[in-house]
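K.L.:
Just so it is clear, I am handing over data-v1.txt, which has compact mmCIF, C-alpha atoms.
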# COMPACT_ATOMS: atom_id res chain seq x y z
CA MET P 1 -171.77 83.58 107.54
CA ASN P 2 -168.55 84.03 105.61
CA ALA P 3 -166.97 87.46 105.53
CA SER P 4 -167.56 89.15 102.18
CA LEU P 5 -164.49 89.13 99.95
CA ASP P 6 -165.56 91.02 96.86
CA VAL P 7 -168.57 93.03 97.97
CA SER P 8 -169.22 94.41 101.45
CA PHE P 9 -172.79 94.56 102.70
CA SER P 10 -172.62 95.79 106.28
CA SER P 11 -175.66 97.21 108.06
CA THR P 12 -174.18 100.70 107.74
CA ARG P 13 -173.52 100.64 104.03
CA ASN P 14 -175.85 101.23 101.10
CA VAL P 15 -175.62 98.13 98.88
CA PHE P 16 -176.60 99.66 95.56
CA GLY P 17 -173.72 101.80 94.36
CA ASP P 18 -174.89 103.15 91.00
CA ARG P 19 -177.48 100.39 90.42
CA MET P 20 -180.34 101.94 92.36
CA LEU P 21 -183.12 102.99 89.98
CA SER P 22 -185.23 106.11 90.23
CA LEU P 23 -188.92 105.84 89.41
CA ASP P 24 -188.22 107.63 86.13
CA GLU P 25 -185.67 104.93 85.23
CA VAL P 26 -188.18 102.22 86.16
CA ARG P 27 -190.70 103.93 83.87
CA GLN P 28 -188.21 103.88 80.99
CA GLN P 29 -187.41 100.19 81.44
CA ALA P 30 -190.92 98.93 82.30
CA PRO P 31 -193.69 101.43 81.48
CA ALA P 32 -196.33 98.82 82.34
CA VAL P 33 -195.50 99.39 86.02
CA PHE P 34 -197.22 102.76 85.63
CA ALA P 35 -200.40 101.58 83.90
CA SER P 36 -203.31 103.85 84.83
CA THR P 37 -206.08 101.32 84.16
CA ALA P 38 -206.57 97.58 83.97
CA HIS P 39 -207.07 95.86 80.63
CA GLN P 40 -210.51 96.64 79.20
CA ASP P 41 -211.51 92.97 78.95
CA LEU P 42 -211.28 92.35 82.71
CA SER P 43 -214.45 92.09 84.78
CA ALA P 44 -215.55 94.40 87.57
CA LYS P 45 -214.37 91.80 90.10
CA TYR P 46 -210.78 92.67 89.19
CA THR P 47 -209.39 95.22 91.65
CA PHE P 48 -206.97 97.49 89.85
CA VAL P 49 -204.06 98.59 92.00
CA PRO P 50 -201.21 99.83 89.80
CA SER P 51 -197.79 98.32 90.29
CA GLU P 52 -196.52 101.87 90.79
CA ARG P 53 -198.49 102.13 94.04
CA VAL P 54 -197.23 98.75 95.21
CA LEU P 55 -193.66 99.66 94.27
CA SER P 56 -193.93 102.95 96.17
CA GLY P 57 -195.15 101.01 99.21
CA LEU P 58 -192.19 98.64 98.97
CA MET P 59 -189.79 101.58 98.72
CA ASN P 60 -191.33 103.17 101.81
CA ALA P 61 -190.81 99.86 103.60
CA GLY P 62 -187.07 99.94 102.87
CA PHE P 63 -186.77 98.18 99.50
CA VAL P 64 -185.19 99.83 96.48
CA PRO P 65 -185.54 98.84 92.79
CA VAL P 66 -182.33 97.87 91.00
CA ASN P 67 -183.67 96.41 87.75
CA ALA P 68 -186.95 96.51 85.81
CA ARG P 69 -188.22 95.05 82.56
CA GLN P 70 -191.43 93.97 80.90
CA ALA P 71 -192.55 91.31 78.48
CA ARG P 72 -192.57 92.01 74.77
CA THR P 73 -196.05 92.08 73.33
CA TYR P 74 -197.10 91.94 69.70
CA ARG P 75 -200.88 91.73 69.88
CA ALA P 76 -201.69 92.58 73.48
CA SER P 77 -201.42 96.05 74.98
CA PRO P 78 -197.85 96.79 76.13
CA VAL P 79 -199.24 99.00 78.90
CA HIS P 80 -200.76 95.92 80.57
CA ALA P 81 -197.90 93.46 79.89
CA GLN P 82 -196.24 91.33 82.50
CA HIS P 83 -193.42 93.17 84.22
CA ALA P 84 -190.66 92.30 86.68
CA VAL P 85 -188.86 94.52 89.17
CA ARG P 86 -185.88 93.40 91.25
CA LEU P 87 -185.50 95.00 94.66
CA ARG P 88 -182.97 94.95 97.47
CA ARG P 89 -183.13 96.05 101.07
CA ARG P 90 -181.71 99.53 101.41
CA TYR P 91 -179.18 98.25 103.94
CA GLU P 92 -178.21 94.61 103.85
CA THR P 93 -176.77 92.65 106.77
CA ILE P 94 -176.22 89.40 104.87
CA ALA P 95 -172.60 88.95 103.75
CA LEU P 96 -171.90 86.65 100.82
CA ARG P 97 -168.75 86.25 98.76
CA ASP P 98 -169.98 87.95 95.59
CA SER P 99 -173.78 87.94 95.67
CA VAL P 100 -176.63 90.07 97.00
CA PRO P 101 -180.07 88.72 98.02
CA GLU P 102 -182.98 90.29 96.16
CA ILE P 103 -186.75 90.11 95.85
CA LEU P 104 -188.32 89.67 92.42
CA PHE P 105 -191.68 91.43 92.10
CA LEU P 106 -193.88 90.24 89.21
CA ASN P 107 -197.25 91.50 88.03
CA SER P 108 -199.42 92.26 85.01
CA HIS P 109 -202.61 94.25 84.47
CA ASP P 110 -204.17 92.00 81.84
CA GLY P 111 -205.39 89.28 84.21
CA SER P 112 -202.59 86.83 83.35
CA SER P 113 -200.71 87.15 86.62
CA ALA P 114 -201.27 87.85 90.28
CA TYR P 115 -198.81 89.97 92.24
CA GLN P 116 -195.91 87.61 92.89
CA LEU P 117 -192.85 87.86 95.11
CA ARG P 118 -189.92 85.49 94.69
CA MET P 119 -186.53 85.23 96.31
CA ALA P 120 -183.61 86.04 94.02
CA LEU P 121 -179.86 86.68 93.95
CA TYR P 122 -177.59 89.03 92.04
CA ARG P 123 -174.01 87.88 91.43
CA ALA P 124 -171.86 90.95 90.93
CA VAL P 125 -168.96 89.52 88.91
CA CYS P 126 -171.17 88.44 86.02
CA SER P 127 -174.35 90.48 86.59
CA ASN P 128 -176.26 87.21 86.85
CA GLY P 129 -179.79 87.46 88.14
CA LEU P 130 -180.57 84.10 89.70
CA ILE P 131 -184.11 83.22 90.78
CA VAL P 132 -184.65 80.77 93.60
CA SER P 133 -187.06 77.90 93.01
CA ARG P 134 -190.44 77.53 94.68
CA GLY P 135 -189.22 74.30 96.22
CA ALA P 136 -186.45 76.09 98.08
CA PHE P 137 -188.43 79.15 99.19
CA PRO P 138 -192.15 79.44 98.39
CA THR P 139 -193.48 82.15 96.10
CA ILE P 140 -195.88 84.63 97.66
CA CYS P 141 -198.91 85.37 95.48
CA VAL P 142 -201.39 88.18 96.14
CA ALA P 143 -204.61 88.24 94.13
CA HIS P 144 -205.95 91.43 92.54
CA ARG P 145 -208.43 92.09 95.31
CA GLY P 146 -208.43 93.28 98.88
CA ASN P 147 -205.66 95.27 100.55
CA VAL P 148 -203.05 94.52 97.91
CA VAL P 149 -200.33 96.98 98.94
CA ASP P 150 -200.20 95.88 102.58
CA GLU P 151 -200.24 92.21 101.62
CA VAL P 152 -197.37 92.63 99.15
CA ILE P 153 -195.30 94.60 101.66
CA SER P 154 -195.95 91.96 104.31
CA GLY P 155 -194.88 89.28 101.84
CA ALA P 156 -191.69 91.13 100.95
CA LEU P 157 -190.77 91.50 104.61
CA HIS P 158 -191.47 87.80 105.17
CA ILE P 159 -189.16 86.85 102.28
CA SER P 160 -186.38 89.19 103.37
CA ASP P 161 -186.54 87.74 106.88
CA ARG P 162 -185.37 84.47 105.30
CA PHE P 163 -182.37 85.93 103.47
CA ASP P 164 -180.13 84.33 106.10
CA GLN P 165 -181.49 80.90 105.12
CA LEU P 166 -180.81 81.67 101.46
CA ALA P 167 -177.26 82.75 102.34
CA ALA P 168 -176.71 79.48 104.21
CA GLN P 169 -177.82 77.53 101.13
CA VAL P 170 -175.48 79.55 98.89
CA GLU P 171 -172.57 78.91 101.25
CA ARG P 172 -173.30 75.18 101.14
CA MET P 173 -173.15 75.39 97.34
CA GLU P 174 -169.86 77.29 97.52
CA ALA P 175 -168.41 74.60 99.78
CA ARG P 176 -169.58 71.71 97.58
CA GLN P 177 -166.82 70.86 95.11
CA MET P 178 -167.88 69.05 91.94
CA PHE P 179 -165.82 66.51 90.02
CA LYS P 180 -165.72 66.92 86.24
CA ASP P 181 -168.10 64.01 85.66
CA GLU P 182 -170.59 65.58 88.10
CA GLN P 183 -170.37 68.88 86.25
CA LEU P 184 -171.05 67.14 82.94
CA ARG P 185 -174.09 65.34 84.35
CA PHE P 186 -175.34 68.67 85.71
CA VAL P 187 -175.05 70.53 82.39
CA GLU P 188 -176.53 67.59 80.45
CA ARG P 189 -179.68 67.95 82.51
CA ALA P 190 -179.52 71.75 82.30
CA LEU P 191 -179.29 71.77 78.50
CA ALA P 192 -182.36 69.54 78.31
CA LEU P 193 -184.35 72.18 80.21
CA LYS P 194 -184.05 74.57 77.27
CA TYR P 195 -183.76 71.99 74.49
CA PRO P 196 -185.79 68.88 75.40
CA ASP P 197 -184.38 67.12 72.33
CA VAL P 198 -180.69 67.73 73.03
CA ALA P 199 -179.65 65.79 69.95
CA ARG P 200 -181.40 68.37 67.76
CA SER P 201 -180.08 71.39 69.70
CA GLY P 202 -176.84 71.53 67.71
CA MET P 203 -174.89 71.86 70.95
CA VAL P 204 -172.91 69.74 73.38
CA PRO P 205 -173.68 70.07 77.11
CA SER P 206 -170.08 70.96 78.01
CA GLN P 207 -170.60 74.33 76.29
CA LEU P 208 -172.61 75.39 79.33
CA LEU P 209 -169.39 75.16 81.36
CA THR P 210 -167.74 77.85 79.21
CA ILE P 211 -165.72 80.21 81.39
CA ARG P 212 -166.27 83.87 80.51
CA ARG P 213 -164.07 85.53 83.17
CA PRO P 214 -161.26 84.62 85.61
CA GLN P 215 -163.64 84.70 88.60
CA ASP P 216 -165.49 81.70 87.14
CA VAL P 217 -162.44 79.41 87.24
CA ALA P 218 -163.71 77.23 90.08
CA ASP P 219 -165.37 73.86 90.53
CA ASP P 220 -167.74 74.58 93.40
CA LEU P 221 -171.45 74.05 92.83
CA TYR P 222 -172.39 77.73 93.08
CA THR P 223 -169.85 78.77 90.43
CA VAL P 224 -170.90 75.91 88.15
CA LEU P 225 -174.55 76.91 88.60
CA ASN P 226 -173.76 80.51 87.65
CA ARG P 227 -171.68 79.56 84.62
CA CYS P 228 -174.42 77.24 83.45
CA GLN P 229 -177.17 79.81 84.06
CA GLU P 230 -175.33 82.57 82.21
CA ASN P 231 -174.48 80.41 79.20
CA LEU P 232 -177.97 78.93 78.99
CA LEU P 233 -179.95 82.16 79.38
CA ARG P 234 -177.70 84.79 77.83
CA GLY P 235 -176.91 82.80 74.74
CA GLY P 236 -174.01 83.62 72.45
CA LEU P 237 -172.76 80.04 72.24
CA SER P 238 -172.12 78.42 68.88
CA ARG P 239 -174.55 75.82 67.59
CA ARG P 240 -175.01 73.97 64.32
CA SER P 241 -178.47 73.60 62.84
CA LEU P 242 -179.75 70.35 61.36
CA SER P 243 -178.90 71.78 57.93
CA GLY P 244 -175.32 72.33 59.04
CA ARG P 245 -175.47 76.11 59.34
CA LEU P 246 -173.40 77.58 62.17
CA SER P 247 -175.13 80.17 64.36
CA ARG P 248 -175.26 81.52 67.92
CA THR P 249 -177.75 80.63 70.62
CA ARG P 250 -180.27 83.34 71.39
CA PRO P 251 -180.74 84.88 74.82
CA VAL P 252 -183.90 84.10 76.77
CA THR P 253 -185.98 87.29 76.71
CA SER P 254 -189.34 85.97 77.95
CA ILE P 255 -189.92 86.79 81.62
CA ARG P 256 -191.88 83.57 82.16
CA ARG P 257 -189.20 81.47 80.48
CA ASP P 258 -186.47 83.24 82.42
CA VAL P 259 -188.21 82.54 85.73
CA ALA P 260 -188.93 78.91 84.81
CA LEU P 261 -185.38 78.09 83.68
CA ASN P 262 -183.80 79.81 86.66
CA SER P 263 -186.07 77.92 89.04
CA GLN P 264 -185.33 74.58 87.39
CA LEU P 265 -181.58 75.22 87.49
CA TRP P 266 -181.80 76.05 91.18
CA ASP P 267 -183.62 72.78 91.80
CA LEU P 268 -180.88 70.89 89.95
CA ALA P 269 -178.31 72.49 92.26
CA ARG P 270 -180.39 71.55 95.31
CA GLU P 271 -180.43 67.95 94.13
CA VAL P 272 -176.63 67.96 94.02
CA LEU P 273 -176.56 69.25 97.60
CA ALA P 274 -179.01 66.58 98.72
CA ALA P 275 -177.14 63.71 97.03
Take the structure in the file and give it back as structure tokens.
P.N.:
Amino acid sequence: MNASLDVSFSSTRNVFGDRMLSLDEVRQQAPAVFASTAHQDLSAKYTFVPSERVLSGLMNAGFVPVNARQARTYRASPVHAQHAVRLRRRYETIALRDSVPEILFLNSHDGSSAYQLRMALYRAVCSNGLIVSRGAFPTICVAHRGNVVDEVISGALHISDRFDQLAAQVERMEARQMFKDEQLRFVERALALKYPDVARSGMVPSQLLTIRRPQDVADDLYTVLNRCQENLLRGGLSRRSLSGRLSRTRPVTSIRRDVALNSQLWDLAREVLAA
């Protein structure tokens, strides 16, 4: 693997700095993690194991939460809403240029989601939270029954054992230079993921290549992917409505939409590597 240039992740260094969350901070950001009961409409076949207990098990196994959030709910109970917690290994041996491998833990207590574990990445220079597609590295799903905690911990360890494969894929993306016409084809397809009718989106695909910081002035696939992901999901780009009114694109706040778009973008990048 390449030596880390911007962030050092040796086996003797804690990789969190000031990003590590306490359980109290997790509670503030995603109170549904600490639900004390399952949703009242669920049947007796549903085994309620609170995400708090699973999270504590993951922490005892060497994983530490660095980000937490939950879905907004208007009619359903917010205590049982879908929630997402990002975790890292306490000590990381994988060295990447500016990214850290993570595990994304997803769950809900309303019956809409099993316990899920997905591979993810955090890019330090832009605070981007990438999510790797199922096609690249399968999602681990644990149903709400049986020995949930042990199964989730086993799944997390299995995913983290493949961080070296993820790092190898990232390095291939960093080494793959993209011509301008390739970048435009990439963002044309990316824009259509969020706006299926691009002509009515009020945007041009090249806006997804907007450079927000000096570290993004590069033409490698990984940098292009990150620029595109940030511009597509965080919003803030100008767009003109069909009536001619100028506005700004909105950020993606839905957890499900965030996961879906991130996964689809990762698959687009994999297609470029495979071409």
K.L.:
Point out the residue among P:Val64, P:Ala81, P:Val100, P:Ile211 with the least atom-to-atom distance to P:Leu23, counting all atoms listed in the file.
P.N.:
P:Val64
K.L.:
Skip stretch 154-156 of chain P itself and residues of its chain fewer than 5 positions away, then list as a VMD selection string all residues within 9 Å of it, counting only C-alpha atoms.
P.N.:
chain P and resid 58 63 103 105 117 to 118 140 to 142 149 161
K.L.:
Print the selection's residues with C-alpha atoms to a file, as a compact mmCIF listing (two decimals), keeping the file's coordinate frame.
P.N.:
# COMPACT_ATOMS: atom_id res chain seq x y z
CA LEU P 58 -192.19 98.64 98.97
CA PHE P 63 -186.77 98.18 99.50
CA ILE P 103 -186.75 90.11 95.85
CA PHE P 105 -191.68 91.43 92.10
CA LEU P 117 -192.85 87.86 95.11
CA ARG P 118 -189.92 85.49 94.69
CA ILE P 140 -195.88 84.63 97.66
CA CYS P 141 -198.91 85.37 95.48
CA VAL P 142 -201.39 88.18 96.14
CA VAL P 149 -200.33 96.98 98.94
CA ASP P 161 -186.54 87.74 106.88
K.L.:
Give one line per residue of stretch 163-237 of chain P that approaches stretch 260-265 of chain P to at most 12 Å, naming the two atoms of the closest pair and their distance in Å to one decimal, counting only C-alpha atoms; sort by chain then ascending residue number and deliver it as a Markdown table.
P.N.:
| residue | atom | partner | partner_atom | distance |
| --- | --- | --- | --- | --- |
| P:Phe186 | CA | P:Leu265 | CA | 9.2 |
| P:Val187 | CA | P:Leu265 | CA | 9.5 |
| P:Glu188 | CA | P:Leu265 | CA | 11.5 |
| P:Arg189 | CA | P:Leu265 | CA | 9.0 |
| P:Ala190 | CA | P:Leu265 | CA | 6.6 |
| P:Leu191 | CA | P:Leu265 | CA | 9.9 |
| P:Ala192 | CA | P:Leu261 | CA | 10.5 |
| P:Leu193 | CA | P:Leu261 | CA | 6.9 |
| P:Lys194 | CA | P:Leu261 | CA | 7.4 |
| P:Tyr195 | CA | P:Leu261 | CA | 11.1 |
| P:Leu221 | CA | P:Leu265 | CA | 11.5 |
| P:Tyr222 | CA | P:Leu265 | CA | 11.0 |
| P:Val224 | CA | P:Leu265 | CA | 10.7 |
| P:Leu225 | CA | P:Leu265 | CA | 7.3 |
| P:Asn226 | CA | P:Leu265 | CA | 9.4 |
| P:Arg227 | CA | P:Leu265 | CA | 11.2 |
| P:Cys228 | CA | P:Leu265 | CA | 8.5 |
| P:Gln229 | CA | P:Asn262 | CA | 7.1 |
| P:Glu230 | CA | P:Asn262 | CA | 10.0 |
| P:Asn231 | CA | P:Asn262 | CA | 12.0 |
| P:Leu232 | CA | P:Leu261 | CA | 8.8 |
| P:Leu233 | CA | P:Leu261 | CA | 8.0 |
| P:Arg234 | CA | P:Leu261 | CA | 11.8 |
K.L.:
What does the distance between atom CA of P:Ala114 and atom CA of P:Ala143 come to in Å, to one decimal place?
P.N.:
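Atom CA of P:Ala143 lies 5.1 Å from atom CA of P:Ala114.
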